[in-house]
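Structure data (PDB, C-alpha atoms and all ligand atoms) from run15.pdb:
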```pdb
ATOM      1  CA  MET A   1     176.042  64.261  42.619
ATOM      2  CA  GLY A   2     177.751  67.695  42.458
ATOM      3  CA  LYS A   3     176.232  70.908  43.675
ATOM      4  CA  PRO A   4     174.077  72.969  41.293
ATOM      5  CA  THR A   5     175.889  75.903  39.657
ATOM      6  CA  PRO A   6     174.122  79.003  40.963
ATOM      7  CA  ASP A   7     172.893  81.637  38.525
ATOM      8  CA  LEU A   8     174.637  84.750  39.860
ATOM      9  CA  SER A   9     173.373  87.030  37.086
ATOM     10  CA  LYS A  10     170.215  87.669  39.134
ATOM     11  CA  PHE A  11     172.294  89.646  41.669
ATOM     12  CA  ASP A  12     173.701  93.171  41.499
ATOM     13  CA  ASP A  13     177.152  93.092  39.761
ATOM     14  CA  ARG A  14     178.966  94.081  42.967
ATOM     15  CA  LEU A  15     177.507  91.063  44.758
ATOM     16  CA  ALA A  16     177.918  88.668  41.833
ATOM     17  CA  ALA A  17     181.667  89.452  41.781
ATOM     18  CA  VAL A  18     181.938  88.446  45.447
ATOM     19  CA  TYR A  19     179.713  85.367  45.075
ATOM     20  CA  SER A  20     181.671  84.056  42.070
ATOM     21  CA  ARG A  21     183.973  81.114  42.749
ATOM     22  CA  THR A  22     186.679  82.649  40.559
ATOM     23  CA  GLY A  23     188.963  85.650  41.067
ATOM     24  CA  ASP A  24     191.301  86.856  43.802
ATOM     25  CA  LYS A  25     188.883  87.589  46.653
ATOM     26  CA  GLU A  26     191.411  89.314  48.903
ATOM     27  CA  ALA A  27     192.369  91.756  46.141
ATOM     28  CA  HIS A  28     188.695  92.287  45.370
ATOM     29  CA  TYR A  29     187.864  93.225  48.979
ATOM     30  CA  ASP A  30     190.958  95.452  49.171
ATOM     31  CA  GLN A  31     189.665  97.373  46.151
ATOM     32  CA  TRP A  32     186.093  97.484  47.453
ATOM     33  CA  ALA A  33     186.968  98.707  50.980
ATOM     34  CA  SER A  34     186.682 102.476  50.378
ATOM     35  CA  SER A  35     183.205 102.297  48.805
ATOM     36  CA  TYR A  36     181.964  99.175  50.637
ATOM     37  CA  GLU A  37     179.611 100.868  53.105
ATOM     38  CA  ALA A  38     178.143 103.278  50.540
ATOM     39  CA  ASP A  39     177.536 100.416  48.096
ATOM     40  CA  LEU A  40     176.216  97.820  50.471
ATOM     41  CA  VAL A  41     174.426  99.699  53.247
ATOM     42  CA  GLU A  42     173.251 102.873  51.540
ATOM     43  CA  ASP A  43     172.663 101.489  48.043
ATOM     44  CA  LEU A  44     171.660  97.859  48.553
ATOM     45  CA  GLY A  45     170.063  97.962  52.006
ATOM     46  CA  TYR A  46     172.480  95.638  53.856
ATOM     47  CA  VAL A  47     171.181  94.944  57.379
ATOM     48  CA  ALA A  48     172.952  91.682  58.226
ATOM     49  CA  HIS A  49     175.181  93.327  60.856
ATOM     50  CA  ILE A  50     172.173  94.876  62.644
ATOM     51  CA  ASP A  51     170.069  91.702  62.778
ATOM     52  CA  ALA A  52     173.026  89.486  63.749
ATOM     53  CA  SER A  53     174.036  91.927  66.516
ATOM     54  CA  ASP A  54     170.488  91.889  67.891
ATOM     55  CA  ILE A  55     170.598  88.081  68.033
ATOM     56  CA  PHE A  56     174.109  88.207  69.555
ATOM     57  CA  ALA A  57     172.814  90.515  72.315
ATOM     58  CA  GLN A  58     169.966  88.096  73.112
ATOM     59  CA  VAL A  59     172.311  85.098  73.329
ATOM     60  CA  VAL A  60     175.523  86.554  74.829
ATOM     61  CA  THR A  61     174.276  88.445  77.862
ATOM     62  CA  ASP A  62     177.687  89.121  79.484
ATOM     63  CA  ARG A  63     178.644  92.612  78.275
ATOM     64  CA  SER A  64     182.242  92.084  79.465
ATOM     65  CA  ALA A  65     182.761  89.036  77.216
ATOM     66  CA  ARG A  66     185.920  89.037  75.101
ATOM     67  CA  ILE A  67     184.495  89.078  71.572
ATOM     68  CA  LEU A  68     185.997  88.446  68.137
ATOM     69  CA  ASP A  69     184.356  90.041  65.081
ATOM     70  CA  VAL A  70     185.338  87.560  62.343
ATOM     71  CA  ALA A  71     185.506  89.065  58.826
ATOM     72  CA  CYS A  72     185.039  92.450  60.478
ATOM     73  CA  GLY A  73     185.360  94.337  57.181
ATOM     74  CA  THR A  74     185.038  98.078  57.795
ATOM     75  CA  GLY A  75     183.682  97.473  61.298
ATOM     76  CA  LEU A  76     179.897  97.521  60.910
ATOM     77  CA  ALA A  77     179.197  94.569  63.230
ATOM     78  CA  GLY A  78     181.766  95.759  65.782
ATOM     79  CA  ALA A  79     180.108  99.191  65.904
ATOM     80  CA  ALA A  80     176.678  97.572  66.268
ATOM     81  CA  LEU A  81     177.971  95.500  69.210
ATOM     82  CA  ARG A  82     179.567  98.546  70.823
ATOM     83  CA  SER A  83     176.241 100.377  70.660
ATOM     84  CA  ARG A  84     174.653  97.366  72.420
ATOM     85  CA  GLY A  85     177.018  97.748  75.375
ATOM     86  CA  TYR A  86     179.970  95.423  74.559
ATOM     87  CA  GLU A  87     183.445  96.905  74.995
ATOM     88  CA  ASN A  88     185.993  94.113  74.680
ATOM     89  CA  ILE A  89     185.791  93.669  70.908
ATOM     90  CA  HIS A  90     188.580  92.441  68.615
ATOM     91  CA  GLY A  91     188.486  92.156  64.827
ATOM     92  CA  VAL A  92     189.982  89.935  62.150
ATOM     93  CA  ASP A  93     189.798  89.944  58.349
ATOM     94  CA  PHE A  94     192.050  88.925  55.440
ATOM     95  CA  SER A  95     191.809  92.312  53.700
ATOM     96  CA  MET A  96     194.363  94.854  54.950
ATOM     97  CA  GLU A  97     192.368  97.697  53.359
ATOM     98  CA  MET A  98     189.238  96.629  55.264
ATOM     99  CA  LEU A  99     191.283  96.384  58.477
ATOM    100  CA  LYS A 100     192.643  99.927  57.983
ATOM    101  CA  ILE A 101     189.094 101.310  57.829
ATOM    102  CA  ALA A 102     188.007  99.175  60.803
ATOM    103  CA  ALA A 103     190.897 100.657  62.827
ATOM    104  CA  ARG A 104     189.530 104.169  62.291
ATOM    105  CA  THR A 105     186.251 103.269  64.040
ATOM    106  CA  GLU A 106     188.142 102.921  67.351
ATOM    107  CA  VAL A 107     185.745 100.104  68.258
ATOM    108  CA  TYR A 108     188.380  97.351  68.345
ATOM    109  CA  GLN A 109     190.889  96.579  71.104
ATOM    110  CA  SER A 110     192.999  94.771  68.506
ATOM    111  CA  LEU A 111     192.860  93.815  64.837
ATOM    112  CA  TRP A 112     194.649  90.966  63.078
ATOM    113  CA  GLN A 113     194.838  89.431  59.638
ATOM    114  CA  GLN A 114     193.760  85.881  58.828
ATOM    115  CA  ASP A 115     192.491  83.970  55.819
ATOM    116  CA  PHE A 116     189.827  81.603  57.167
ATOM    117  CA  THR A 117     190.301  79.127  54.337
ATOM    118  CA  GLU A 118     193.512  78.337  56.257
ATOM    119  CA  PRO A 119     193.972  76.912  59.773
ATOM    120  CA  VAL A 120     194.342  79.544  62.505
ATOM    121  CA  ASP A 121     197.729  79.350  64.215
ATOM    122  CA  ARG A 122     196.611  80.889  67.551
ATOM    123  CA  SER A 123     195.213  79.545  70.811
ATOM    124  CA  PRO A 124     191.488  80.164  71.279
ATOM    125  CA  ALA A 125     191.219  83.420  73.219
ATOM    126  CA  TYR A 126     187.630  84.660  72.884
ATOM    127  CA  ASP A 127     184.430  83.956  74.845
ATOM    128  CA  ALA A 128     182.200  84.613  71.859
ATOM    129  CA  LEU A 129     182.359  85.629  68.224
ATOM    130  CA  ILE A 130     180.198  87.233  65.608
ATOM    131  CA  CYS A 131     180.785  86.484  61.933
ATOM    132  CA  VAL A 132     178.653  88.447  59.485
ATOM    133  CA  GLY A 133     178.752  88.147  55.713
ATOM    134  CA  LEU A 134     181.610  85.650  55.417
ATOM    135  CA  PHE A 135     179.736  82.480  54.438
ATOM    136  CA  SER A 136     178.003  82.739  51.108
ATOM    137  CA  TYR A 137     178.344  81.207  47.644
ATOM    138  CA  ALA A 138     182.125  81.159  47.294
ATOM    139  CA  THR A 139     184.922  80.931  49.868
ATOM    140  CA  PRO A 140     185.337  80.257  52.721
ATOM    141  CA  LYS A 141     183.235  77.129  52.390
ATOM    142  CA  ILE A 142     181.191  75.520  55.154
ATOM    143  CA  SER A 143     184.071  73.036  55.408
ATOM    144  CA  ASP A 144     186.224  75.988  56.607
ATOM    145  CA  MET A 145     183.754  76.983  59.350
ATOM    146  CA  HIS A 146     185.682  75.044  62.008
ATOM    147  CA  ASN A 147     188.620  77.458  61.468
ATOM    148  CA  VAL A 148     186.309  80.262  62.636
ATOM    149  CA  ILE A 149     184.715  78.335  65.505
ATOM    150  CA  GLY A 150     188.148  77.310  66.817
ATOM    151  CA  CYS A 151     188.779  80.965  67.782
ATOM    152  CA  VAL A 152     186.451  80.712  70.803
ATOM    153  CA  VAL A 153     187.297  78.852  73.973
ATOM    154  CA  PRO A 154     185.569  75.492  74.587
ATOM    155  CA  GLY A 155     182.020  76.342  75.714
ATOM    156  CA  GLY A 156     182.163  79.635  73.778
ATOM    157  CA  THR A 157     179.344  80.950  71.585
ATOM    158  CA  CYS A 158     179.446  81.772  67.879
ATOM    159  CA  ILE A 159     176.861  83.818  66.002
ATOM    160  CA  ILE A 160     177.486  83.188  62.300
ATOM    161  CA  THR A 161     175.427  84.399  59.355
ATOM    162  CA  VAL A 162     175.063  82.487  56.116
ATOM    163  CA  ASN A 163     173.651  84.127  52.979
ATOM    164  CA  GLY A 164     170.066  82.815  52.800
ATOM    165  CA  ALA A 165     170.006  82.496  48.994
ATOM    166  CA  ALA A 166     173.145  80.316  49.056
ATOM    167  CA  TRP A 167     171.779  78.406  52.051
ATOM    168  CA  GLU A 168     168.705  77.352  50.084
ATOM    169  CA  GLU A 169     170.277  76.945  46.641
ATOM    170  CA  LEU A 170     173.304  74.945  47.803
ATOM    171  CA  GLY A 171     171.540  73.001  50.575
ATOM    172  CA  LEU A 172     174.014  74.240  53.181
ATOM    173  CA  GLU A 173     172.130  73.048  56.286
ATOM    174  CA  THR A 174     173.153  69.456  55.563
ATOM    175  CA  GLU A 175     176.783  70.563  55.304
ATOM    176  CA  VAL A 176     176.670  72.590  58.516
ATOM    177  CA  ARG A 177     175.229  69.656  60.451
ATOM    178  CA  ALA A 178     177.832  67.282  59.003
ATOM    179  CA  GLU A 179     180.633  69.698  59.964
ATOM    180  CA  ALA A 180     179.226  69.980  63.491
ATOM    181  CA  GLY A 181     179.433  66.207  63.833
ATOM    182  CA  ARG A 182     182.946  66.120  62.350
ATOM    183  CA  HIS A 183     184.408  68.910  64.484
ATOM    184  CA  GLY A 184     182.446  68.511  67.734
ATOM    185  CA  PHE A 185     180.488  71.757  67.868
ATOM    186  CA  SER A 186     176.733  72.024  68.255
ATOM    187  CA  VAL A 187     174.223  74.079  66.302
ATOM    188  CA  SER A 188     171.776  75.270  68.968
ATOM    189  CA  GLU A 189     169.580  77.389  66.726
ATOM    190  CA  ILE A 190     169.161  78.456  63.122
ATOM    191  CA  ARG A 191     167.248  81.733  62.869
ATOM    192  CA  GLN A 192     166.039  83.562  59.799
ATOM    193  CA  ALA A 193     166.959  87.264  59.665
ATOM    194  CA  GLY A 194     167.549  90.146  57.271
ATOM    195  CA  TYR A 195     170.532  90.400  54.929
ATOM    196  CA  ILE A 196     170.335  92.514  51.759
ATOM    197  CA  GLY A 197     166.940  94.149  51.417
ATOM    198  CA  SER A 198     167.059  95.422  47.836
ATOM    199  CA  GLU A 199     168.089  91.999  46.499
ATOM    200  CA  GLY A 200     165.480  90.061  48.455
ATOM    201  CA  ILE A 201     168.223  88.017  50.153
ATOM    202  CA  ASP A 202     167.674  86.989  53.776
ATOM    203  CA  SER A 203     170.099  85.236  56.107
ATOM    204  CA  ARG A 204     170.332  82.229  58.350
ATOM    205  CA  VAL A 205     171.920  83.127  61.659
ATOM    206  CA  LEU A 206     173.534  80.105  63.284
ATOM    207  CA  VAL A 207     173.882  79.998  67.066
ATOM    208  CA  ILE A 208     176.765  77.611  67.658
ATOM    209  CA  ARG A 209     178.335  76.345  70.906
ATOM    210  CA  ARG A 210     181.859  75.079  70.734
TER     211      ARG A 210
HETATM  212  C1  LIG B 301     180.423  90.973  53.071
HETATM  213  S1  LIG B 301     181.857  91.486  53.931
HETATM  214  C2  LIG B 301     181.247  91.548  55.610
HETATM  215  C3  LIG B 301     182.021  92.515  56.460
HETATM  216  C4  LIG B 301     181.384  92.838  57.802
HETATM  217  N1  LIG B 301     181.311  91.664  58.663
HETATM  218  C5  LIG B 301     180.019  93.440  57.589
HETATM  219  O1  LIG B 301     179.018  92.862  58.023
HETATM  220  O2  LIG B 301     179.957  94.506  56.951
HETATM  221  C6  LIG B 301     182.872  90.032  53.959
HETATM  222  C7  LIG B 301     184.198  90.261  54.659
HETATM  223  O3  LIG B 301     184.855  88.997  54.730
HETATM  224  C8  LIG B 301     186.226  89.157  54.428
HETATM  225  N2  LIG B 301     186.674  87.868  53.892
HETATM  226  C9  LIG B 301     186.273  87.261  52.757
HETATM  227  N3  LIG B 301     186.876  86.083  52.607
HETATM  228  C10 LIG B 301     187.682  85.938  53.690
HETATM  229  C11 LIG B 301     188.573  84.920  54.117
HETATM  230  N4  LIG B 301     188.776  83.823  53.377
HETATM  231  N5  LIG B 301     189.213  85.070  55.284
HETATM  232  C12 LIG B 301     189.048  86.198  56.030
HETATM  233  N6  LIG B 301     188.235  87.214  55.676
HETATM  234  C13 LIG B 301     187.555  87.075  54.519
HETATM  235  C14 LIG B 301     186.269  90.304  53.423
HETATM  236  O4  LIG B 301     187.518  90.941  53.382
HETATM  237  C15 LIG B 301     185.140  91.204  53.946
HETATM  238  O5  LIG B 301     185.642  92.169  54.843
END
```
Would you write out, as structure tokens, the structure that this file holds?
Amino acid sequence: MGKPTPDLSKFDDRLAAVYSRTGDKEAHYDQWASSYEADLVEDLGYVAHIDASDIFAQVVTDRSARILDVACGTGLAGAALRSRGYENIHGVDFSMEMLKIAARTEVYQSLWQQDFTEPVDRSPAYDALICVGLFSYATPKISDMHNVIGCVVPGGTCIITVNGAAWEELGLETEVRAEAGRHGFSVSEIRQAGYIGSEGIDSRVLVIRR
């Protein structure tokens, strides 16, 4: 049986465009970059980066860890980690316009471009990663999650959010557990946290060990 088709009309138009399975997502994020923080944080009450960073700080206690901020966007999660005492932070995203704004924060030691629907052609080089806002209704899919997790060294820790509305509607826990079995990572915890306040969307924050 196929997955249910989600009704995206219940969400703000700016979110529905991102959650839709059609359209050029990279071009969309490039266009959104300059107004992203005003739209999402100030207008819609986005807190995913704050809650995920708090969980990251509870789980990854070594402040000198080499950290990758996956789908760093404009740098919200990186800045939240910096304010929690981490200094060795690197960022990656597929949108060059997002990366340009992230560079201005001066939070990142390096920034690189990657589409996580594709395999990553680099050796794992990070002790831990945070990935906020990447997994939702559209792409990347849960079946692409191993491309993200493969960026940490064996034994490394991943803190990955999944949009809570998509998690429930699409039954994503079953998929995450199947992927863990397929790719040899373990899901140590699944916590519930904040995501987008004004839309009543929460998040699941996955604590994953590679
Ligand atoms: C909702 S934003 C989250 C950004 C940031 N982590 C935050 O919390 O504000 C999603 C980010 O994922 C990036 N993204 C979406 N699909 C991607 C993909 N397939 N590969 C890499 N980055 C992607 C977008 O460019 C955007 O910066």
Restrict the calculation to all atoms listed in the file, then for each residue of stretch 45-157 of chain A with any atom at most 10 Å from an atom of stretch 186-197 of chain A give the closest atom pair and their distance in Å to one decimal, rows by chain and rising residue number, as a Markdown table.
```
| residue | atom | partner | partner_atom | distance |
| --- | --- | --- | --- | --- |
| A:Gly45 | CA | A:Gly197 | CA | 5.0 |
| A:Tyr46 | CA | A:Ile196 | CA | 4.3 |
| A:Val47 | CA | A:Tyr195 | CA | 5.2 |
| A:Ala48 | CA | A:Tyr195 | CA | 4.3 |
| A:His49 | CA | A:Tyr195 | CA | 8.1 |
| A:Ile50 | CA | A:Gly194 | CA | 8.5 |
| A:Asp51 | CA | A:Ala193 | CA | 6.2 |
| A:Ala52 | CA | A:Ala193 | CA | 7.6 |
| A:Ile55 | CA | A:Arg191 | CA | 8.8 |
| A:Val132 | CA | A:Tyr195 | CA | 9.5 |
| A:Gly133 | CA | A:Tyr195 | CA | 8.6 |
| A:Thr157 | CA | A:Ser188 | CA | 9.8 |
```
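Relative to atom CA of A:Leu134, atom CA of A:Ala38 is found at 18.6 Å.
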Q: Tell me which residues the PyMOL selection byres (((chain A and resi 165) around 12) and not hetatm) grabs here, as a PyMOL selection string.
A: chain A and resi 6-8+10-11+19+135-137+161-164+166-172+192+194-196+199-204
Q.
Here is a test: counting all atoms listed in the file, which residue of A:Ile149, A:Ala138, A:Ala178, A:Ile101 is nearest to A:Leu76?
A. A:Ile101
**Q.** Spatial neighbours of A:His146, max dist 10 Å, all atoms listed in the file, sep filter under 2 positions, as a PyMOL selection string
**A.** chain A and resi 116-117+119-120+142-144+148-151+176+179-180+182-185+210
Q: Write as a count of residues only the residues around ligand LIG 301 (chain B), taking 9 Å as the cut-off and counting only C-alpha atoms and all ligand atoms.
A: 56
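For the point (178.8, 79.9, 69.7), the residues with at least one atom inside 7 Å, counting all atoms listed in the file, are Ala128, Leu129, Gly156, Thr157, Cys158, Ile159, Val207, Ile208, Arg209 and Arg210 of chain A.
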Give me a file of those residues, with C-alpha atoms, as a compact mmCIF listing (two decimals), keeping the file's coordinate frame.
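As written to disk, out11.txt reads:
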```txt
# COMPACT_ATOMS: atom_id res chain seq x y z
CA ALA A 128 182.20 84.61 71.86
CA LEU A 129 182.36 85.63 68.22
CA GLY A 156 182.16 79.64 73.78
CA THR A 157 179.34 80.95 71.58
CA CYS A 158 179.45 81.77 67.88
CA ILE A 159 176.86 83.82 66.00
CA VAL A 207 173.88 80.00 67.07
CA ILE A 208 176.76 77.61 67.66
CA ARG A 209 178.34 76.34 70.91
CA ARG A 210 181.86 75.08 70.73
```
Q. Do you know which residues the PyMOL selection byres (((chain A and resi 65) around 12) and not hetatm) returns on this file, as a PyMOL selection string?
A. chain A and resi 56-57+59-64+66-68+81-82+85-90+125-129+152-153+156-157
Residues from last step as file, C-alpha atoms, as a CSV table (one decimal), keeping the file's coordinate frame:
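Done, and the output landed in selection-v2.csv:
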```
chain,number,residue,atom,x,y,z
A,56,PHE,CA,174.1,88.2,69.6
A,57,ALA,CA,172.8,90.5,72.3
A,59,VAL,CA,172.3,85.1,73.3
A,60,VAL,CA,175.5,86.6,74.8
A,61,THR,CA,174.3,88.4,77.9
A,62,ASP,CA,177.7,89.1,79.5
A,63,ARG,CA,178.6,92.6,78.3
A,64,SER,CA,182.2,92.1,79.5
A,66,ARG,CA,185.9,89.0,75.1
A,67,ILE,CA,184.5,89.1,71.6
A,68,LEU,CA,186.0,88.4,68.1
A,81,LEU,CA,178.0,95.5,69.2
A,82,ARG,CA,179.6,98.5,70.8
A,85,GLY,CA,177.0,97.7,75.4
A,86,TYR,CA,180.0,95.4,74.6
A,87,GLU,CA,183.4,96.9,75.0
A,88,ASN,CA,186.0,94.1,74.7
A,89,ILE,CA,185.8,93.7,70.9
A,90,HIS,CA,188.6,92.4,68.6
A,125,ALA,CA,191.2,83.4,73.2
A,126,TYR,CA,187.6,84.7,72.9
A,127,ASP,CA,184.4,84.0,74.8
A,128,ALA,CA,182.2,84.6,71.9
A,129,LEU,CA,182.4,85.6,68.2
A,152,VAL,CA,186.5,80.7,70.8
A,153,VAL,CA,187.3,78.9,74.0
A,156,GLY,CA,182.2,79.6,73.8
A,157,THR,CA,179.3,81.0,71.6
```
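Minimum distance to A:Ile160 across A:Asn147, A:Asp13, A:Glu175, A:Leu206 (counting only C-alpha atoms) occurs at A:Leu206.
Here the question is which of A:Arg177, A:Lys100, A:Arg84, A:Arg14 gets nearest to A:Leu44 using all atoms listed in the file, and that residue is A:Arg14.
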